[in-house]
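Undergrad: Before I ask anything, let me first share the structure, which is written out below as structure tokens.
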Amino acid sequence: MQWSPKPLPDEDKIIQLQSEIGVPKEIASLLLQRGIDDYDSAKSFFRPELSDLHDPFLMLGMRKAVYRIIEATQKEEKIMIYGDYDVDGTTAVALVYSFLTKIYPHCIYYIPDRYQEGYGISSKGIDYAKGEKIGLIIAMDCGIKAVDKVAYAKTLGIDFIICDHHLPSEVLPKAVAILDPKQPDCSYPFKELCGCGIGFKLIQAINHEQGGKIEDLLPLIDLVAMAIAADIVPIVEENRVLTHFGIKQIQENPRLGIRFFISQLKRKINVSDLVFVIAPRINGAGRIKHGSHAVALLLSENQEEALSRGRAIELFNSERKELDQKIIVQALDQIKINQEEDTFSTVVFQPDWHKGVLGIVASRLIENYYRPTIVFTASGDYYTGSVRSIKGVDIYQILETCKEHIVQFGGHRYAAGLTINPENYLTFKRAFELAVEQTILPEQRIPSKSYDIEITLDKITLKFHRIMAQMAPFGPGNMRPVFLTKDCLDGGRTKAVGEDQSHLKIEVRDESKSTISGIGFGMANYISKIKSMNLFDILYTVEENEFRGEKSLQLKLKDLKF
């Protein structure tokens, strides 16, 4: 594991910002690393306001979209909200459906079946819309590449509005309106909204047209925060504002559908909880059963109904975890049996692997073999696969170079999905390995952890942590600060903890003579070296720990080196 420092700001700038806003030097340095360089930018960073949100009508196609929806309500057309089966799609559907049904009753929602219909707009979904006499489909988190499906809907007399955030192709669907800041000629100032975020801009625009205030939308903004966290979009600028108010909404008045999942948390909810507690459960519905279960949960309006749905989804998630573990073991065995430990990529296949957990398995395999990974399973007449990449390696471009062996693919820089013909599996596997080998740099094959600044332990005070905590919400673009402290020694109370004694409960001191405790998950193997009074360096984040009403600071170890 390589440790790499983030670039340090200029010393004069640190001192200037420190004096302008009255924070410790270390905090000023962290802020400058995040592009906060004066009083005004610091104020908007620490105190996000709803007024910081952009005018939704700056987005290309917004006025057409709003007018078409208003026209549908005036003509009493039936509207379908159609969304993807992951967190971003299901929250987006719940968001737009909740808003529209408050002002217009003739709405239904539709989530495609992950296994029968696959990702995006399906013919089955359009046919269902025809049977339901739908006049307008609003597609959430999908549709930007659905040229043929939108054309097919048009022949049935159904219009489309597309709300998507994925990269468009050269040819765009002939929809009434396309809302996607990444499309050519869209001058919307912020390009990194998730699908649910674009849904929020749509209801913000409709709300404005009807004379409403932005504050009217606060009860729905929690859905946007869940989607931002789960979809790993940068939590900067507009996403930071939406996440800030979304988390605040969850803390103060969580919707009934998620209370079951967060009831065990003994502290205020944060972005990590959205990623690791809520998102897997919402995703689990679509992976194991059907994404519509997640929408129904998020729309639950009475306690009994919410609890029943929450418990069902908890069972789906437990089943998903068992599948993960089983498939990971089988995949690791396959890599070893085929003696593929030293390749540039990982490509594995087994016909009975569950399609819903392939992406999770690919991510876990990267933890064992740090390289671009594809996990395939049989799906009808094809093999379908989930792709995950490593830092700095654009998997979408690599798949582009292998496209002659692929039926179809789509996705992002670090995650994608694809379909191939079974007879092309081995030729694709060789082509993918060669493409990765020709693309990847030697330094990209070694996992690395970056840290913000080097400090001594005496700098870690309650005041320091209190200011740093206000830098939340943390996530891509504003990660929780990681610190390096060198030449540490055992403080005397270090021990192994946990059911299997695999975790490290450490007490550490450094040259500043300060002592602080910390936790290192899965790091108990370091105990003998630590107890031998060897000097060591640590990478860590700082968190608040509460035990029996007493608050203290502790280090959460990321890595340790002797």
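For the structure tokens, the naming scheme is as follows: chains receive sequential letters (A, B, ...) according to their order of presentation, residues are indexed from 1 within each chain, and ligands are indexed from 1 in presentation order.
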Give me the residues within 7 Å of range 313-329 of chain A as a compact mmCIF listing (two decimals) with C-alpha atoms, in the first residue's frame, counting only C-alpha atoms and dropping any in the same chain fewer than 4 places off.
TA:
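Output file selection-v5.txt follows:
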# COMPACT_ATOMS: atom_id res chain seq x y z
CA ARG A 281 -31.13 -2.28 1.68
CA GLY A 284 -31.32 -5.24 -2.11
CA ALA A 285 -34.99 -5.05 -3.14
CA ILE A 288 -33.21 -10.08 -4.85
CA ARG A 309 -42.03 -3.43 4.20
CA ASP A 333 -11.17 -20.41 -6.08
CA TRP A 353 -24.23 -16.87 -10.13
CA VAL A 357 -24.87 -9.27 -6.82
CA VAL A 361 -18.66 -9.40 -5.98
Undergrad: Would you list, as a PyMOL selection string, the residues of range 247-353 of chain A that end up in strand (DSSP E or B) under DSSP run on this structure's backbone?
TA: chain A and resi 346-349
Undergrad: May I have the selected residues written with N, CA and C atoms, as a JSON list (two decimals), in the first residue's frame?
TA:
[["chain", "number", "residue", "atom", "x", "y", "z"],
["A", 346, "THR", "N", -9.10, -9.27, -13.96],
["A", 346, "THR", "CA", -9.83, -10.45, -13.47],
["A", 346, "THR", "C", -11.12, -10.56, -14.26],
["A", 347, "VAL", "N", -11.32, -11.72, -14.91],
["A", 347, "VAL", "CA", -12.59, -12.01, -15.58],
["A", 347, "VAL", "C", -13.01, -13.41, -15.17],
["A", 348, "VAL", "N", -14.14, -13.52, -14.48],
["A", 348, "VAL", "CA", -14.61, -14.83, -14.01],
["A", 348, "VAL", "C", -16.06, -15.04, -14.43],
["A", 349, "PHE", "N", -16.44, -16.32, -14.54],
["A", 349, "PHE", "CA", -17.80, -16.66, -14.98],
["A", 349, "PHE", "C", -18.27, -17.95, -14.31]]
Undergrad: Counting only C-alpha atoms, figure out which residue out of A:Pro24, A:Gly197, A:Gly359, A:Gly380 gets nearest to Ala415 in chain A.
TA: A:Gly359
Undergrad: Can you work out which one of A:Leu457, A:Ile406, A:Leu223, A:Ile15 has the shortest atom-to-atom distance to Ile516 in chain A, counting only C-alpha atoms?
TA: A:Leu457
Undergrad: Pick out the closest residue to Lys64 in chain A from this set: A:Leu484, A:Gly410, A:Phe160, A:Glu423. Count only C-alpha atoms.
TA: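 Counting only C-alpha atoms, the residue closest to Lys64 in chain A is A:Phe160.
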Undergrad: Each residue of range 20-123 of chain A lying at most 12 Å from range 244-265 of chain A should get a row with its shortest atom-to-atom pair and the distance in Å to one decimal, counting only C-alpha atoms; could you produce that, ordered by chain and increasing number, as a tab-separated table?
TA:
residue	atom	partner	partner_atom	distance
A:Ser44	CA	A:His244	CA	11.7
A:Phe45	CA	A:His244	CA	10.4
A:Phe46	CA	A:His244	CA	10.1
A:Arg47	CA	A:His244	CA	9.3
A:Pro48	CA	A:His244	CA	7.2
A:Glu49	CA	A:Phe245	CA	8.6
A:Leu50	CA	A:Phe245	CA	8.2
A:Ser51	CA	A:Phe245	CA	11.9
A:Asp52	CA	A:Phe245	CA	11.8
A:Leu53	CA	A:Phe245	CA	11.5
A:Thr91	CA	A:Gly257	CA	11.7
A:Ala94	CA	A:Gly257	CA	11.4
Undergrad: Put those residues in a file: N, CA and C atoms, as a PDB file, in the first residue's frame.
TA:
ATOM      1  N   SER A  44     -20.079  29.951   2.437  1.00  0.00           N
ATOM      2  CA  SER A  44     -21.035  29.106   1.708  1.00  0.00           C
ATOM      3  C   SER A  44     -20.725  27.624   1.916  1.00  0.00           C
ATOM      4  N   PHE A  45     -19.450  27.296   2.198  1.00  0.00           N
ATOM      5  CA  PHE A  45     -19.062  25.907   2.454  1.00  0.00           C
ATOM      6  C   PHE A  45     -19.590  25.446   3.813  1.00  0.00           C
ATOM      7  N   PHE A  46     -19.361  26.262   4.846  1.00  0.00           N
ATOM      8  CA  PHE A  46     -19.776  25.894   6.205  1.00  0.00           C
ATOM      9  C   PHE A  46     -21.267  26.120   6.456  1.00  0.00           C
ATOM     10  N   ARG A  47     -21.862  27.035   5.728  1.00  0.00           N
ATOM     11  CA  ARG A  47     -23.270  27.367   5.948  1.00  0.00           C
ATOM     12  C   ARG A  47     -24.049  27.304   4.635  1.00  0.00           C
ATOM     13  N   PRO A  48     -24.270  26.099   4.105  1.00  0.00           N
ATOM     14  CA  PRO A  48     -25.027  25.992   2.840  1.00  0.00           C
ATOM     15  C   PRO A  48     -26.431  26.576   2.991  1.00  0.00           C
ATOM     16  N   GLU A  49     -26.909  27.216   1.933  1.00  0.00           N
ATOM     17  CA  GLU A  49     -28.247  27.819   1.934  1.00  0.00           C
ATOM     18  C   GLU A  49     -29.022  27.291   0.724  1.00  0.00           C
ATOM     19  N   LEU A  50     -30.323  27.167   0.880  1.00  0.00           N
ATOM     20  CA  LEU A  50     -31.158  26.754  -0.253  1.00  0.00           C
ATOM     21  C   LEU A  50     -31.062  27.748  -1.410  1.00  0.00           C
ATOM     22  N   SER A  51     -30.776  29.004  -1.066  1.00  0.00           N
ATOM     23  CA  SER A  51     -30.630  30.035  -2.115  1.00  0.00           C
ATOM     24  C   SER A  51     -29.394  29.805  -2.980  1.00  0.00           C
ATOM     25  N   ASP A  52     -28.481  28.909  -2.525  1.00  0.00           N
ATOM     26  CA  ASP A  52     -27.301  28.573  -3.332  1.00  0.00           C
ATOM     27  C   ASP A  52     -27.647  27.669  -4.513  1.00  0.00           C
ATOM     28  N   LEU A  53     -28.845  27.084  -4.500  1.00  0.00           N
ATOM     29  CA  LEU A  53     -29.249  26.198  -5.595  1.00  0.00           C
ATOM     30  C   LEU A  53     -29.494  27.013  -6.861  1.00  0.00           C
ATOM     31  N   THR A  91     -35.277   6.221  -5.687  1.00  0.00           N
ATOM     32  CA  THR A  91     -35.516   7.467  -4.936  1.00  0.00           C
ATOM     33  C   THR A  91     -36.059   8.548  -5.857  1.00  0.00           C
ATOM     34  N   ALA A  94     -39.711   7.851  -6.398  1.00  0.00           N
ATOM     35  CA  ALA A  94     -40.453   8.214  -5.182  1.00  0.00           C
ATOM     36  C   ALA A  94     -40.583   9.732  -5.053  1.00  0.00           C
TER      37      ALA A  94
END
Undergrad: List every residue of range 127-350 of chain A that DSSP, applied to the backbone of this structure, places in helix (DSSP H, G or I), and write the result as a PDB file with C-alpha atoms, in the first residue's frame.
TA:
ATOM      1  CA  ASP A 127     -46.416  -1.848 -23.547  1.00  0.00           C
ATOM      2  CA  TYR A 128     -47.604  -1.731 -19.936  1.00  0.00           C
ATOM      3  CA  ALA A 129     -47.914   2.059 -20.242  1.00  0.00           C
ATOM      4  CA  LYS A 130     -50.046   1.613 -23.387  1.00  0.00           C
ATOM      5  CA  GLY A 131     -52.311  -0.836 -21.534  1.00  0.00           C
ATOM      6  CA  VAL A 147     -33.476   6.129 -29.025  1.00  0.00           C
ATOM      7  CA  ASP A 148     -35.406   3.108 -30.351  1.00  0.00           C
ATOM      8  CA  LYS A 149     -37.631   2.719 -27.258  1.00  0.00           C
ATOM      9  CA  VAL A 150     -38.672   6.385 -27.278  1.00  0.00           C
ATOM     10  CA  ALA A 151     -39.436   6.115 -31.001  1.00  0.00           C
ATOM     11  CA  TYR A 152     -41.499   2.975 -30.321  1.00  0.00           C
ATOM     12  CA  ALA A 153     -43.469   4.764 -27.587  1.00  0.00           C
ATOM     13  CA  LYS A 154     -44.180   7.603 -30.021  1.00  0.00           C
ATOM     14  CA  THR A 155     -45.844   5.141 -32.425  1.00  0.00           C
ATOM     15  CA  GLY A 195     -30.656  11.124 -11.516  1.00  0.00           C
ATOM     16  CA  CYS A 196     -32.662  11.957  -8.394  1.00  0.00           C
ATOM     17  CA  GLY A 197     -30.949  15.371  -8.320  1.00  0.00           C
ATOM     18  CA  ILE A 198     -32.256  16.063 -11.819  1.00  0.00           C
ATOM     19  CA  GLY A 199     -35.686  14.925 -10.632  1.00  0.00           C
ATOM     20  CA  PHE A 200     -35.389  17.492  -7.861  1.00  0.00           C
ATOM     21  CA  LYS A 201     -34.614  20.258 -10.383  1.00  0.00           C
ATOM     22  CA  LEU A 202     -37.745  19.231 -12.301  1.00  0.00           C
ATOM     23  CA  ILE A 203     -40.047  19.468  -9.275  1.00  0.00           C
ATOM     24  CA  GLN A 204     -38.267  22.688  -8.224  1.00  0.00           C
ATOM     25  CA  ALA A 205     -39.188  24.155 -11.622  1.00  0.00           C
ATOM     26  CA  ILE A 206     -42.826  22.965 -11.474  1.00  0.00           C
ATOM     27  CA  ASN A 207     -43.118  24.219  -7.890  1.00  0.00           C
ATOM     28  CA  HIS A 208     -41.770  27.624  -8.962  1.00  0.00           C
ATOM     29  CA  GLU A 209     -44.226  27.833 -11.870  1.00  0.00           C
ATOM     30  CA  ILE A 214     -38.152  26.097  -2.347  1.00  0.00           C
ATOM     31  CA  GLU A 215     -38.833  25.369   1.353  1.00  0.00           C
ATOM     32  CA  ASP A 216     -41.992  23.488   0.257  1.00  0.00           C
ATOM     33  CA  LEU A 217     -39.720  20.756  -1.107  1.00  0.00           C
ATOM     34  CA  LEU A 218     -37.727  20.098   2.088  1.00  0.00           C
ATOM     35  CA  PRO A 219     -39.795  17.006   3.076  1.00  0.00           C
ATOM     36  CA  LEU A 220     -38.612  15.356  -0.179  1.00  0.00           C
ATOM     37  CA  ILE A 221     -34.971  16.418  -0.125  1.00  0.00           C
ATOM     38  CA  ASP A 222     -33.936  13.397   2.004  1.00  0.00           C
ATOM     39  CA  LEU A 223     -34.465  11.217  -1.082  1.00  0.00           C
ATOM     40  CA  VAL A 224     -31.929  13.304  -3.006  1.00  0.00           C
ATOM     41  CA  ALA A 225     -29.322  12.925  -0.229  1.00  0.00           C
ATOM     42  CA  MET A 226     -29.761   9.126  -0.288  1.00  0.00           C
ATOM     43  CA  ALA A 227     -29.247   9.066  -4.069  1.00  0.00           C
ATOM     44  CA  ILE A 228     -26.208  11.382  -4.006  1.00  0.00           C
ATOM     45  CA  ALA A 229     -24.523   9.198  -1.365  1.00  0.00           C
ATOM     46  CA  ALA A 230     -25.380   5.886  -3.058  1.00  0.00           C
ATOM     47  CA  GLU A 237     -21.440  22.751  -4.922  1.00  0.00           C
ATOM     48  CA  GLU A 238     -25.133  21.972  -5.537  1.00  0.00           C
ATOM     49  CA  ASN A 239     -24.801  18.348  -4.377  1.00  0.00           C
ATOM     50  CA  ARG A 240     -23.343  19.610  -1.081  1.00  0.00           C
ATOM     51  CA  VAL A 241     -26.364  21.866  -0.499  1.00  0.00           C
ATOM     52  CA  LEU A 242     -28.826  19.081  -1.339  1.00  0.00           C
ATOM     53  CA  THR A 243     -26.984  16.558   0.866  1.00  0.00           C
ATOM     54  CA  HIS A 244     -26.703  19.028   3.761  1.00  0.00           C
ATOM     55  CA  PHE A 245     -30.449  19.686   3.844  1.00  0.00           C
ATOM     56  CA  GLY A 246     -31.321  16.067   3.030  1.00  0.00           C
ATOM     57  CA  ILE A 247     -29.357  14.727   5.994  1.00  0.00           C
ATOM     58  CA  LYS A 248     -30.824  17.434   8.216  1.00  0.00           C
ATOM     59  CA  GLN A 249     -34.306  16.293   7.147  1.00  0.00           C
ATOM     60  CA  ILE A 250     -33.465  12.656   7.993  1.00  0.00           C
ATOM     61  CA  GLN A 251     -32.023  13.662  11.373  1.00  0.00           C
ATOM     62  CA  GLU A 252     -35.029  15.773  12.333  1.00  0.00           C
ATOM     63  CA  LEU A 256     -41.366   6.179   7.951  1.00  0.00           C
ATOM     64  CA  GLY A 257     -39.813   3.882   5.349  1.00  0.00           C
ATOM     65  CA  ILE A 258     -36.247   4.225   6.643  1.00  0.00           C
ATOM     66  CA  ARG A 259     -36.842   4.468  10.403  1.00  0.00           C
ATOM     67  CA  PHE A 260     -36.544   0.689  10.815  1.00  0.00           C
ATOM     68  CA  PHE A 261     -33.037   0.736   9.293  1.00  0.00           C
ATOM     69  CA  ILE A 262     -31.662   3.664  11.308  1.00  0.00           C
ATOM     70  CA  VAL A 271     -23.307  10.173   4.618  1.00  0.00           C
ATOM     71  CA  SER A 272     -21.568   6.897   5.550  1.00  0.00           C
ATOM     72  CA  ASP A 273     -24.838   5.654   7.044  1.00  0.00           C
ATOM     73  CA  LEU A 274     -26.633   6.486   3.792  1.00  0.00           C
ATOM     74  CA  VAL A 275     -23.972   4.527   1.862  1.00  0.00           C
ATOM     75  CA  PHE A 276     -23.547   1.521   4.169  1.00  0.00           C
ATOM     76  CA  VAL A 277     -26.868   1.223   6.029  1.00  0.00           C
ATOM     77  CA  ILE A 278     -29.670   2.562   3.822  1.00  0.00           C
ATOM     78  CA  ALA A 279     -28.371   2.152   0.235  1.00  0.00           C
ATOM     79  CA  PRO A 280     -27.622  -1.623   0.397  1.00  0.00           C
ATOM     80  CA  ARG A 281     -31.126  -2.281   1.684  1.00  0.00           C
ATOM     81  CA  ILE A 282     -32.854  -0.177  -0.964  1.00  0.00           C
ATOM     82  CA  ASN A 283     -30.651  -1.808  -3.608  1.00  0.00           C
ATOM     83  CA  GLY A 284     -31.320  -5.236  -2.106  1.00  0.00           C
ATOM     84  CA  ALA A 285     -34.987  -5.047  -3.137  1.00  0.00           C
ATOM     85  CA  GLY A 286     -34.070  -4.803  -6.839  1.00  0.00           C
ATOM     86  CA  ARG A 287     -31.236  -7.329  -6.564  1.00  0.00           C
ATOM     87  CA  ILE A 288     -33.214 -10.079  -4.852  1.00  0.00           C
ATOM     88  CA  LYS A 289     -36.909  -9.358  -5.522  1.00  0.00           C
ATOM     89  CA  SER A 292     -40.848  -1.569  -6.796  1.00  0.00           C
ATOM     90  CA  HIS A 293     -40.583  -2.856  -3.194  1.00  0.00           C
ATOM     91  CA  ALA A 294     -38.061  -0.064  -2.516  1.00  0.00           C
ATOM     92  CA  VAL A 295     -40.359   2.619  -3.966  1.00  0.00           C
ATOM     93  CA  ALA A 296     -43.308   1.310  -1.953  1.00  0.00           C
ATOM     94  CA  LEU A 297     -41.152   1.419   1.194  1.00  0.00           C
ATOM     95  CA  LEU A 298     -40.067   5.019   0.547  1.00  0.00           C
ATOM     96  CA  LEU A 299     -43.688   6.049  -0.079  1.00  0.00           C
ATOM     97  CA  GLN A 303     -46.062   2.999  10.664  1.00  0.00           C
ATOM     98  CA  GLU A 304     -47.378  -0.555  10.365  1.00  0.00           C
ATOM     99  CA  GLU A 305     -47.063  -0.620   6.580  1.00  0.00           C
ATOM    100  CA  ALA A 306     -43.531   0.863   6.736  1.00  0.00           C
ATOM    101  CA  LEU A 307     -42.386  -1.633   9.363  1.00  0.00           C
ATOM    102  CA  SER A 308     -43.735  -4.600   7.393  1.00  0.00           C
ATOM    103  CA  ARG A 309     -42.033  -3.432   4.196  1.00  0.00           C
ATOM    104  CA  GLY A 310     -38.800  -2.586   6.044  1.00  0.00           C
ATOM    105  CA  ARG A 311     -38.626  -6.067   7.558  1.00  0.00           C
ATOM    106  CA  ALA A 312     -39.192  -7.674   4.151  1.00  0.00           C
ATOM    107  CA  ILE A 313     -36.382  -5.618   2.624  1.00  0.00           C
ATOM    108  CA  GLU A 314     -34.115  -6.483   5.576  1.00  0.00           C
ATOM    109  CA  LEU A 315     -34.649 -10.156   4.673  1.00  0.00           C
ATOM    110  CA  PHE A 316     -33.788  -9.448   1.014  1.00  0.00           C
ATOM    111  CA  ASN A 317     -30.591  -7.772   2.184  1.00  0.00           C
ATOM    112  CA  SER A 318     -29.637 -10.743   4.397  1.00  0.00           C
ATOM    113  CA  GLU A 319     -30.171 -13.075   1.447  1.00  0.00           C
ATOM    114  CA  ARG A 320     -28.056 -10.776  -0.710  1.00  0.00           C
ATOM    115  CA  LYS A 321     -25.179 -10.902   1.809  1.00  0.00           C
ATOM    116  CA  GLU A 322     -25.222 -14.713   1.887  1.00  0.00           C
ATOM    117  CA  LEU A 323     -25.096 -14.794  -1.915  1.00  0.00           C
ATOM    118  CA  ASP A 324     -22.193 -12.309  -1.937  1.00  0.00           C
ATOM    119  CA  GLN A 325     -20.094 -14.456   0.373  1.00  0.00           C
ATOM    120  CA  LYS A 326     -20.786 -17.698  -1.451  1.00  0.00           C
ATOM    121  CA  ILE A 327     -19.974 -16.264  -4.900  1.00  0.00           C
ATOM    122  CA  ILE A 328     -16.835 -14.449  -3.681  1.00  0.00           C
ATOM    123  CA  VAL A 329     -15.405 -17.751  -2.360  1.00  0.00           C
ATOM    124  CA  GLN A 330     -16.218 -19.516  -5.663  1.00  0.00           C
ATOM    125  CA  ALA A 331     -14.694 -16.689  -7.719  1.00  0.00           C
ATOM    126  CA  LEU A 332     -11.480 -16.618  -5.670  1.00  0.00           C
ATOM    127  CA  ASP A 333     -11.167 -20.414  -6.076  1.00  0.00           C
ATOM    128  CA  GLN A 334     -11.631 -20.014  -9.832  1.00  0.00           C
ATOM    129  CA  ILE A 335      -8.816 -17.437 -10.028  1.00  0.00           C
ATOM    130  CA  LYS A 336      -6.451 -19.728  -8.092  1.00  0.00           C
ATOM    131  CA  ILE A 337      -7.366 -22.905 -10.006  1.00  0.00           C
TER     132      ILE A 337
END
Undergrad: Which of these, A:Cys402, A:Val171, A:Leu30, A:Val236, has the shortest distance to Glu433 in chain A once you count only C-alpha atoms?
TA: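 Once distances to Glu433 in chain A are computed over only C-alpha atoms, the minimum belongs to A:Cys402.
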Undergrad: Check the smallest atom-to-atom distance from each of A:Asp452, A:Glu550, A:Asp487, A:Asp458 to Ile530 in chain A using only C-alpha atoms, then report the winner.
TA: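 With only C-alpha atoms as the atom set, the closest residue is A:Asp487.
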Undergrad: Report as a PyMOL selection string all protein, DNA and RNA residues lying within 9 Å of Phe409 in chain A, evaluated on only C-alpha atoms, omitting residues in the same chain fewer than 4 positions from it.
TA: chain A and resi 396+399-400+403+416-420
Undergrad: Choose the residue, out of A:Gly143, A:Lys495, A:Glu404, A:Lys213, that has the smallest atom-to-atom separation from Asp180 in chain A; count only C-alpha atoms.
TA: A:Gly143
Undergrad: Quick one: everything within 7 Å of Pro234 in chain A, counting only C-alpha atoms, minus sequence neighbours fewer than 5 positions away in the same chain. Send it as a list in words.
TA: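 Final neighbour list, sorted by chain and number: Glu192, Gly475, Pro476 and Gly477 of chain A.
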